[in-house]
>>> print(open('model02.txt').read())   # compact mmCIF, C-alpha atoms
# COMPACT_ATOMS: atom_id res chain seq x y z
CA MET A 1 -3.86 -65.07 -44.24
CA GLY A 2 -0.27 -66.04 -43.39
CA ASN A 3 1.92 -65.34 -40.42
CA PRO A 4 1.34 -62.26 -38.29
CA CYS A 5 3.01 -59.11 -39.62
CA ILE A 6 4.52 -56.74 -37.07
CA GLN A 7 5.83 -53.26 -37.81
CA ASP A 8 7.69 -50.89 -35.52
CA VAL A 9 6.73 -47.44 -36.73
CA SER A 10 8.45 -44.24 -35.66
CA PHE A 11 6.21 -41.89 -33.76
CA HIS A 12 5.76 -38.55 -35.55
CA GLY A 13 7.41 -35.65 -33.78
CA HIS A 14 9.73 -37.83 -31.72
CA GLU A 15 13.36 -38.51 -32.52
CA SER A 16 13.72 -41.64 -30.44
CA SER A 17 12.12 -44.85 -31.69
CA HIS A 18 11.37 -46.01 -28.13
CA VAL A 19 8.06 -44.20 -28.25
CA GLY A 20 7.24 -45.84 -31.59
CA LYS A 21 4.04 -47.55 -32.51
CA LEU A 22 3.75 -51.30 -33.04
CA CYS A 23 1.29 -52.58 -35.64
CA LEU A 24 0.17 -56.16 -36.06
CA GLN A 25 -2.04 -57.84 -38.63
CA MET A 26 -3.06 -61.39 -37.90
CA ASN A 27 -5.65 -64.05 -38.22
CA CYS A 28 -7.59 -64.60 -35.02
CA ASN A 29 -6.05 -67.99 -34.26
CA SER A 30 -5.57 -68.59 -30.57
CA ASP A 31 -1.83 -69.24 -31.01
CA CYS A 32 -1.44 -65.55 -31.91
CA ILE A 33 -1.94 -64.87 -28.19
CA HIS A 34 1.81 -65.39 -27.87
CA VAL A 35 2.55 -62.69 -30.43
CA LEU A 36 0.30 -60.32 -28.51
CA ARG A 37 2.11 -61.15 -25.30
CA SER A 38 5.42 -60.20 -26.90
CA MET A 39 4.02 -56.88 -28.05
CA VAL A 40 2.65 -56.18 -24.61
CA ALA A 41 6.01 -57.03 -23.03
CA VAL A 42 7.80 -54.57 -25.34
CA MET A 43 5.31 -51.76 -24.83
CA THR A 44 4.93 -52.10 -21.06
CA ALA A 45 8.72 -52.14 -20.73
CA ARG A 46 8.89 -48.96 -22.80
CA ALA A 47 6.21 -47.48 -20.57
CA GLY A 48 8.22 -48.38 -17.47
CA MET A 49 5.46 -50.52 -15.97
CA ASP A 50 6.33 -53.05 -13.30
CA GLU A 51 5.74 -56.79 -13.71
CA LEU A 52 2.35 -56.87 -12.02
CA ARG A 53 0.99 -54.02 -14.14
CA SER A 54 2.51 -55.51 -17.27
CA ASN A 55 0.72 -58.77 -16.47
CA ARG A 56 -2.57 -56.91 -16.09
CA VAL A 57 -2.13 -55.25 -19.47
CA ALA A 58 -1.33 -58.69 -20.95
CA VAL A 59 -4.51 -60.12 -19.42
CA ALA A 60 -6.69 -57.34 -20.86
CA VAL A 61 -5.15 -57.58 -24.34
CA ASP A 62 -5.39 -61.38 -24.26
CA GLU A 63 -9.03 -61.26 -23.16
CA LEU A 64 -10.04 -58.74 -25.80
CA PHE A 65 -8.38 -60.76 -28.55
CA ALA A 66 -10.12 -63.92 -27.27
CA ASN A 67 -13.42 -62.06 -27.21
CA ILE A 68 -13.04 -60.96 -30.82
CA ALA A 69 -12.06 -64.47 -31.90
CA ALA A 70 -14.88 -66.19 -30.02
CA HIS A 71 -17.74 -63.72 -30.37
CA ALA A 72 -17.10 -61.41 -33.33
CA TYR A 73 -15.80 -64.18 -35.58
CA GLY A 74 -17.54 -67.07 -33.79
CA GLY A 75 -14.37 -69.14 -33.62
CA LYS A 76 -13.77 -68.92 -37.37
CA ALA A 77 -10.82 -67.34 -39.13
CA GLY A 78 -10.91 -63.56 -39.40
CA ARG A 79 -8.64 -60.58 -39.80
CA VAL A 80 -7.62 -58.63 -36.71
CA GLU A 81 -5.42 -55.55 -36.67
CA LEU A 82 -3.74 -54.21 -33.56
CA GLU A 83 -1.94 -50.92 -33.11
CA THR A 84 -0.29 -49.96 -29.86
CA CYS A 85 1.60 -46.83 -28.90
CA ILE A 86 2.56 -44.67 -25.99
CA CYS A 87 0.48 -41.59 -26.41
CA ASN A 88 0.86 -38.18 -24.82
CA GLU A 89 -2.16 -36.58 -26.42
CA SER A 90 -4.99 -38.96 -25.68
CA GLY A 91 -6.75 -36.68 -23.22
CA HIS A 92 -5.82 -39.13 -20.46
CA GLY A 93 -2.24 -37.91 -19.85
CA ARG A 94 0.62 -40.19 -20.84
CA ALA A 95 -0.93 -43.53 -21.69
CA LEU A 96 -0.35 -46.88 -23.30
CA VAL A 97 -3.03 -47.33 -25.96
CA PHE A 98 -4.14 -50.49 -27.77
CA ASP A 99 -6.47 -50.24 -30.78
CA PHE A 100 -8.06 -53.46 -32.01
CA ARG A 101 -9.87 -53.53 -35.34
CA ASP A 102 -11.80 -56.47 -36.71
CA PHE A 103 -13.86 -56.89 -39.86
CA ALA A 104 -16.55 -59.18 -38.51
CA SER A 105 -20.20 -58.77 -39.38
CA THR A 106 -21.16 -59.44 -35.76
CA GLY A 107 -21.15 -56.49 -33.39
CA TRP A 108 -21.01 -56.36 -29.62
CA ALA A 109 -24.12 -55.49 -27.64
CA GLY A 110 -22.85 -55.35 -24.06
CA ASN A 111 -22.64 -52.38 -21.73
CA LEU A 112 -19.10 -51.65 -20.56
CA LYS A 113 -20.24 -49.58 -17.56
CA GLU A 114 -22.52 -52.37 -16.30
CA ILE A 115 -19.84 -55.00 -16.83
CA ALA A 116 -17.29 -52.96 -14.89
CA GLU A 117 -19.64 -52.86 -11.89
CA GLN A 118 -20.58 -56.56 -11.90
CA VAL A 119 -19.58 -58.64 -8.90
CA PRO A 120 -19.57 -62.44 -9.27
CA ASP A 121 -22.07 -64.35 -7.14
CA PRO A 122 -19.98 -66.91 -5.23
CA GLU A 123 -22.99 -69.19 -4.81
CA ASN A 124 -23.85 -69.20 -8.47
CA LEU A 125 -20.56 -69.08 -10.35
CA THR A 126 -20.53 -69.85 -14.03
CA PRO A 127 -17.44 -70.34 -16.19
CA GLY A 128 -18.37 -67.61 -18.72
CA GLY A 129 -18.44 -63.81 -18.74
CA LEU A 130 -15.27 -63.20 -16.80
CA GLY A 131 -13.11 -61.97 -19.68
CA MET A 132 -14.88 -58.66 -20.30
CA ARG A 133 -15.04 -58.03 -16.55
CA LEU A 134 -11.27 -58.38 -16.32
CA ILE A 135 -10.79 -56.03 -19.28
CA CYS A 136 -12.94 -53.37 -17.65
CA LYS A 137 -11.26 -53.92 -14.30
CA VAL A 138 -7.64 -53.59 -15.39
CA SER A 139 -7.85 -50.95 -18.12
CA ASP A 140 -8.20 -47.30 -17.19
CA HIS A 141 -10.48 -46.72 -20.13
CA CYS A 142 -12.18 -49.07 -22.57
CA GLU A 143 -14.08 -47.95 -25.66
CA TYR A 144 -16.11 -49.86 -28.20
CA GLU A 145 -17.25 -48.58 -31.58
CA SER A 146 -19.38 -50.46 -34.08
CA LEU A 147 -18.25 -49.71 -37.64
CA ALA A 148 -19.92 -50.30 -40.99
CA ASP A 149 -17.41 -53.04 -41.75
CA GLY A 150 -16.46 -54.39 -38.33
CA ASN A 151 -15.60 -53.27 -34.83
CA HIS A 152 -13.08 -51.02 -33.11
CA TRP A 153 -11.94 -51.43 -29.53
CA ARG A 154 -9.57 -49.12 -27.65
CA LEU A 155 -7.91 -49.95 -24.36
CA ILE A 156 -6.08 -47.20 -22.49
CA PHE A 157 -3.71 -47.76 -19.59
CA ASN A 158 -2.52 -44.63 -17.81
CA ILE A 159 1.23 -44.63 -17.29
CA ASN A 160 1.98 -41.98 -14.68
CA ASP A 161 0.15 -43.69 -11.83
CA GLY A 162 0.95 -47.20 -13.00
CA GLU A 163 3.01 -48.29 -10.04
CA LYS A 164 0.51 -46.92 -7.56
CA HIS A 165 -2.32 -48.65 -9.45
CA ALA A 166 -0.59 -52.01 -9.21
CA ARG A 167 0.13 -51.80 -5.51
CA ASN A 168 -3.21 -50.50 -4.31
CA ALA A 169 -5.67 -52.75 -6.14
CA MET B 170 6.33 -67.48 -21.94
CA HIS B 171 5.27 -71.13 -22.41
CA GLU B 172 3.24 -72.02 -25.50
CA THR B 173 2.34 -75.48 -24.23
CA LEU B 174 1.05 -76.85 -20.97
CA LYS B 175 2.67 -79.75 -19.19
CA PHE B 176 1.08 -81.90 -16.50
CA GLU B 177 2.44 -84.13 -13.80
CA ARG B 178 -0.16 -86.26 -12.03
CA ASP B 179 0.41 -87.86 -8.66
CA ASP B 180 -2.36 -90.19 -7.48
CA ARG B 181 -1.94 -90.43 -3.72
CA ASP B 182 -4.65 -93.08 -3.71
CA GLU B 183 -7.79 -93.69 -5.73
CA SER B 184 -9.60 -90.68 -4.24
CA HIS B 185 -6.79 -88.12 -3.75
CA VAL B 186 -4.85 -86.64 -6.63
CA LEU B 187 -2.30 -83.86 -7.12
CA LEU B 188 -2.02 -82.33 -10.60
CA ARG B 189 0.97 -80.08 -11.22
CA VAL B 190 0.55 -77.67 -14.15
CA THR B 191 3.49 -76.05 -15.94
CA GLY B 192 3.09 -73.29 -18.53
CA ASP B 193 0.73 -70.44 -19.36
CA VAL B 194 -3.01 -71.14 -19.18
CA THR B 195 -4.62 -69.17 -22.01
CA ILE B 196 -7.40 -69.56 -24.55
CA HIS B 197 -4.82 -71.47 -26.59
CA THR B 198 -3.95 -73.99 -23.86
CA SER B 199 -6.89 -74.13 -21.43
CA THR B 200 -8.62 -76.94 -23.35
CA ARG B 201 -5.66 -79.17 -22.41
CA LEU B 202 -6.18 -78.31 -18.74
CA ARG B 203 -9.87 -79.14 -19.12
CA GLU B 204 -8.97 -82.48 -20.70
CA GLN B 205 -6.83 -83.32 -17.67
CA LEU B 206 -9.39 -82.21 -15.12
CA LYS B 207 -12.61 -83.63 -16.57
CA PRO B 208 -11.83 -87.30 -15.82
CA LEU B 209 -11.13 -86.36 -12.19
CA PHE B 210 -14.59 -84.92 -11.62
CA THR B 211 -16.17 -88.13 -10.36
CA THR B 212 -18.13 -88.99 -7.21
CA LYS B 213 -15.33 -91.40 -6.23
CA MET B 214 -12.76 -88.58 -5.95
CA LYS B 215 -12.48 -86.90 -2.55
CA GLU B 216 -9.72 -84.35 -3.09
CA ILE B 217 -8.21 -82.72 -6.17
CA ARG B 218 -5.16 -80.53 -5.58
CA ILE B 219 -3.91 -78.36 -8.45
CA ALA B 220 -0.33 -77.11 -8.11
CA LEU B 221 0.04 -73.84 -10.01
CA ASP B 222 3.50 -72.83 -8.82
CA HIS B 223 4.84 -73.31 -12.35
CA VAL B 224 2.12 -71.21 -14.00
CA ASP B 225 3.23 -67.65 -14.81
CA PHE B 226 0.12 -66.48 -16.62
CA MET B 227 -3.56 -67.33 -16.52
CA ASP B 228 -6.47 -65.68 -18.30
CA SER B 229 -10.24 -66.07 -17.86
CA SER B 230 -10.35 -69.28 -19.90
CA GLY B 231 -8.08 -70.87 -17.30
CA ILE B 232 -10.12 -69.52 -14.41
CA ALA B 233 -13.32 -70.71 -16.11
CA THR B 234 -11.82 -74.20 -16.30
CA LEU B 235 -11.03 -74.11 -12.59
CA VAL B 236 -14.56 -72.86 -11.83
CA GLU B 237 -15.71 -76.23 -13.19
CA GLY B 238 -13.63 -77.80 -10.42
CA LEU B 239 -15.35 -75.60 -7.89
CA GLN B 240 -18.71 -76.71 -9.23
CA TRP B 241 -17.63 -80.35 -8.94
CA SER B 242 -16.61 -79.67 -5.35
CA ARG B 243 -19.96 -78.14 -4.44
CA LEU B 244 -21.86 -80.92 -6.15
CA THR B 245 -20.00 -83.83 -4.58
CA GLY B 246 -18.61 -82.39 -1.34
CA GLY B 247 -15.06 -83.14 -2.50
CA ARG B 248 -12.18 -80.70 -1.96
CA PHE B 249 -10.83 -78.74 -4.91
CA VAL B 250 -7.65 -76.96 -3.81
CA LEU B 251 -5.36 -74.57 -5.68
CA LEU B 252 -1.75 -74.53 -4.50
CA GLY B 253 1.21 -72.18 -4.82
CA LEU B 254 -0.27 -69.40 -6.94
CA ARG B 255 2.37 -66.97 -8.20
CA ASP B 256 1.78 -63.25 -7.71
CA ASN B 257 0.62 -62.63 -11.29
CA VAL B 258 -1.93 -65.45 -11.14
CA LYS B 259 -3.04 -64.56 -7.62
CA ASP B 260 -3.59 -61.01 -8.83
CA VAL B 261 -5.95 -62.16 -11.61
CA PHE B 262 -7.98 -64.22 -9.11
CA SER B 263 -8.13 -61.17 -6.87
CA LEU B 264 -9.21 -58.88 -9.73
CA ALA B 265 -11.94 -61.37 -10.59
CA LYS B 266 -12.96 -61.40 -6.90
CA LEU B 267 -12.52 -65.15 -6.85
CA ASP B 268 -9.56 -65.33 -4.48
CA THR B 269 -11.88 -65.84 -1.52
CA VAL B 270 -14.19 -68.22 -3.37
CA PHE B 271 -11.59 -70.85 -4.21
CA ASP B 272 -9.81 -72.98 -1.62
CA ILE B 273 -6.28 -71.59 -2.08
CA GLU B 274 -3.20 -72.78 -0.18
CA GLY B 275 0.17 -71.06 -0.36
CA SER B 276 2.41 -74.05 -0.47
CA THR B 277 2.55 -76.95 -2.89
CA ALA B 278 3.57 -79.27 -0.09
CA ALA B 279 1.27 -82.24 0.32
>>> encode(input="model02.txt", output="structure tokens")
Amino acid sequence: MGNPCIQDVSFHGHESSHVGKLCLQMNCNSDCIHVLRSMVAVMTARAGMDELRSNRVAVAVDELFANIAAHAYGGKAGRVELETCICNESGHGRALVFDFRDFASTGWAGNLKEIAEQVPDPENLTPGGLGMRLICKVSDHCEYESLADGNHWRLIFNINDGEKHARNA
Amino acid sequence: MHETLKFERDDRDESHVLLRVTGDVTIHTSTRLREQLKPLFTTKMKEIRIALDHVDFMDSSGIATLVEGLQWSRLTGGRFVLLGLRDNVKDVFSLAKLDTVFDIEGSTAA
């Protein structure tokens, strides 16, 4: 697979392209992190998020991509597709949504609810396991779906209370 | 956004070192940070200070690398200090509930 391919797609029912959807197809090489960061910067700016919240979204997207690369594909090359849009009909109010799709044969067996509630033990810290905790912590909603030919992850970040969220955490 | 990490090492003496990191610490770059830190984790070293005032972004791979420094500190009794965290980086440590676990100083002054 060659260089990442990014598309800016007009959002149906909207005249302005600023609510458009961005689509990215890439190989799960770690240098693609920088492409993801650019997409996050565009979308969080469109969503009107402040710098701190934008950084949190970047962390979650970065961590999920790293998780797919390391665990779903085991560090080997593999196709990853990302779609992101500002959605008004997600059932969560106005939200910034990221959909990750991979085609790996390995699924994910964790429990998002348990991970979200985990607190690190300061006396017994280990380097691993932090990424998923951060994802659960900073996203307003995280979904995982095992598919016949891969995996689907959805991260949702509510927009309306974004500024409040950043200040009060 | 920095795609590479840069390091500036200042050996105060043979047991005290300051390592200044510049760039984003991500899954793509954290191995370079680990390469710089690993040789410092010796019983001879008394204090390792990591200046992060030129780091705009850090993910869990970066924090995991720094946790290794914390482990070195607990094993040897040496000091492992993080200096000058920017708001974005400080926020990630706080989200991970590690801001009170690490020895964090506000200023990069020696």
>>> closest_residue(input="model02.txt", among="B:Ile196, B:Leu239, B:His223, B:Ser229", to="B:Asp256", atoms="all atoms listed in the file")
B:His223
>>> atom_distance(input="model02.txt", atom1="atom CA of B:Gly247", atom2="atom CA of B:Phe176")
21.4 Å
>>> interface_residues(input="model02.txt", of="chain B", to="chain A", cutoff="12 Å", atoms="only C-alpha atoms", output="PyMOL selection string")
chain B and resi 170-173+193-200+203+225-241+243-244+255-271
>>> atom_distance(input="model02.txt", atom1="atom CA of B:Lys207", atom2="atom CA of A:Leu64")
26.7 Å
>>> atom_distance(input="model02.txt", atom1="atom CA of A:Cys87", atom2="atom CA of A:Thr44")
12.6 Å
>>> closest_residue(input="model02.txt", among="B:Glu204, B:Glu274, B:Asp222, B:Glu216", to="B:Asp180", atoms="only C-alpha atoms")
B:Glu216
>>> closest_residue(input="model02.txt", among="A:Asp102, A:Ile135, A:Gly20, A:Asn88", to="A:Glu117", atoms="all atoms listed in the file")
A:Ile135
>>> decode(input="model02.txt", residues="stretch 130-166 of chain A", atoms="N, CA and C atoms", output="short mmCIF file (atom, residue, chain, number, x, y, z; two decimals), in the first residue's frame")
data_model
loop_
_atom_site.label_atom_id
_atom_site.label_comp_id
_atom_site.auth_asym_id
_atom_site.auth_seq_id
_atom_site.Cartn_x
_atom_site.Cartn_y
_atom_site.Cartn_z
N LEU A 130 -1.73 1.58 29.32
CA LEU A 130 -2.19 2.95 29.55
C LEU A 130 -2.99 3.50 28.38
N GLY A 131 -2.66 3.07 27.17
CA GLY A 131 -3.28 3.64 25.97
C GLY A 131 -4.79 3.52 25.96
N MET A 132 -5.32 2.32 26.20
CA MET A 132 -6.77 2.14 26.18
C MET A 132 -7.44 2.92 27.30
N ARG A 133 -6.73 3.03 28.45
CA ARG A 133 -7.30 3.81 29.56
C ARG A 133 -7.46 5.27 29.16
N LEU A 134 -6.46 5.80 28.46
CA LEU A 134 -6.55 7.19 28.01
C LEU A 134 -7.70 7.36 27.01
N ILE A 135 -7.84 6.40 26.11
CA ILE A 135 -8.94 6.47 25.12
C ILE A 135 -10.28 6.56 25.84
N CYS A 136 -10.48 5.66 26.78
CA CYS A 136 -11.75 5.63 27.51
C CYS A 136 -11.95 6.90 28.33
N LYS A 137 -10.86 7.43 28.84
CA LYS A 137 -10.93 8.61 29.70
C LYS A 137 -11.30 9.86 28.91
N VAL A 138 -10.73 10.03 27.73
CA VAL A 138 -10.92 11.32 27.04
C VAL A 138 -12.10 11.32 26.07
N SER A 139 -12.51 10.13 25.60
CA SER A 139 -13.65 10.13 24.67
C SER A 139 -14.94 10.11 25.48
N ASP A 140 -16.00 10.67 24.90
CA ASP A 140 -17.29 10.64 25.58
C ASP A 140 -17.98 9.30 25.38
N HIS A 141 -17.60 8.64 24.30
CA HIS A 141 -18.19 7.33 24.03
C HIS A 141 -17.21 6.54 23.16
N CYS A 142 -16.99 5.30 23.50
CA CYS A 142 -16.09 4.45 22.71
C CYS A 142 -16.81 3.12 22.45
N GLU A 143 -16.83 2.71 21.20
CA GLU A 143 -17.50 1.46 20.85
C GLU A 143 -16.52 0.55 20.11
N TYR A 144 -16.68 -0.73 20.33
CA TYR A 144 -15.88 -1.70 19.58
C TYR A 144 -16.82 -2.75 19.00
N GLU A 145 -16.57 -3.13 17.75
CA GLU A 145 -17.38 -4.15 17.10
C GLU A 145 -16.45 -5.10 16.35
N SER A 146 -16.57 -6.38 16.65
CA SER A 146 -15.79 -7.38 15.92
C SER A 146 -16.55 -7.75 14.65
N LEU A 147 -15.89 -7.68 13.51
CA LEU A 147 -16.53 -7.97 12.23
C LEU A 147 -15.98 -9.28 11.66
N ALA A 148 -16.66 -9.80 10.68
CA ALA A 148 -16.22 -11.06 10.06
C ALA A 148 -14.84 -10.90 9.43
N ASP A 149 -14.55 -9.70 8.96
CA ASP A 149 -13.26 -9.49 8.27
C ASP A 149 -12.43 -8.39 8.92
N GLY A 150 -12.54 -8.23 10.22
CA GLY A 150 -11.72 -7.20 10.89
C GLY A 150 -12.41 -6.62 12.10
N ASN A 151 -12.13 -5.36 12.35
CA ASN A 151 -12.64 -4.70 13.56
C ASN A 151 -13.09 -3.28 13.24
N HIS A 152 -14.07 -2.82 13.99
CA HIS A 152 -14.57 -1.45 13.85
C HIS A 152 -14.57 -0.79 15.22
N TRP A 153 -13.94 0.38 15.28
CA TRP A 153 -13.94 1.17 16.50
C TRP A 153 -14.58 2.52 16.21
N ARG A 154 -15.35 3.03 17.15
CA ARG A 154 -15.93 4.37 17.01
C ARG A 154 -15.64 5.18 18.27
N LEU A 155 -15.07 6.34 18.06
CA LEU A 155 -14.84 7.28 19.16
C LEU A 155 -15.75 8.48 18.96
N ILE A 156 -16.44 8.88 19.99
CA ILE A 156 -17.33 10.04 19.91
C ILE A 156 -16.92 11.07 20.95
N PHE A 157 -16.78 12.30 20.49
CA PHE A 157 -16.45 13.42 21.38
C PHE A 157 -17.58 14.44 21.27
N ASN A 158 -18.31 14.63 22.35
CA ASN A 158 -19.38 15.62 22.33
C ASN A 158 -18.80 17.02 22.11
N ILE A 159 -19.52 17.83 21.37
CA ILE A 159 -18.98 19.16 21.05
C ILE A 159 -19.55 20.24 21.94
N ASN A 160 -20.83 20.18 22.24
CA ASN A 160 -21.46 21.30 22.95
C ASN A 160 -20.82 21.62 24.28
N ASP A 161 -20.43 20.58 25.04
CA ASP A 161 -19.86 20.85 26.35
C ASP A 161 -18.34 20.72 26.32
N GLY A 162 -17.76 20.85 25.15
CA GLY A 162 -16.32 20.64 25.01
C GLY A 162 -15.48 21.53 25.90
N GLU A 163 -15.76 22.80 25.92
CA GLU A 163 -14.95 23.72 26.70
C GLU A 163 -15.06 23.42 28.19
N LYS A 164 -16.28 23.12 28.62
CA LYS A 164 -16.49 22.81 30.03
C LYS A 164 -15.71 21.55 30.40
N HIS A 165 -15.79 20.55 29.51
CA HIS A 165 -15.11 19.26 29.71
C HIS A 165 -13.61 19.47 29.93
N ALA A 166 -13.03 20.33 29.11
CA ALA A 166 -11.58 20.55 29.19
C ALA A 166 -11.19 21.23 30.50
#
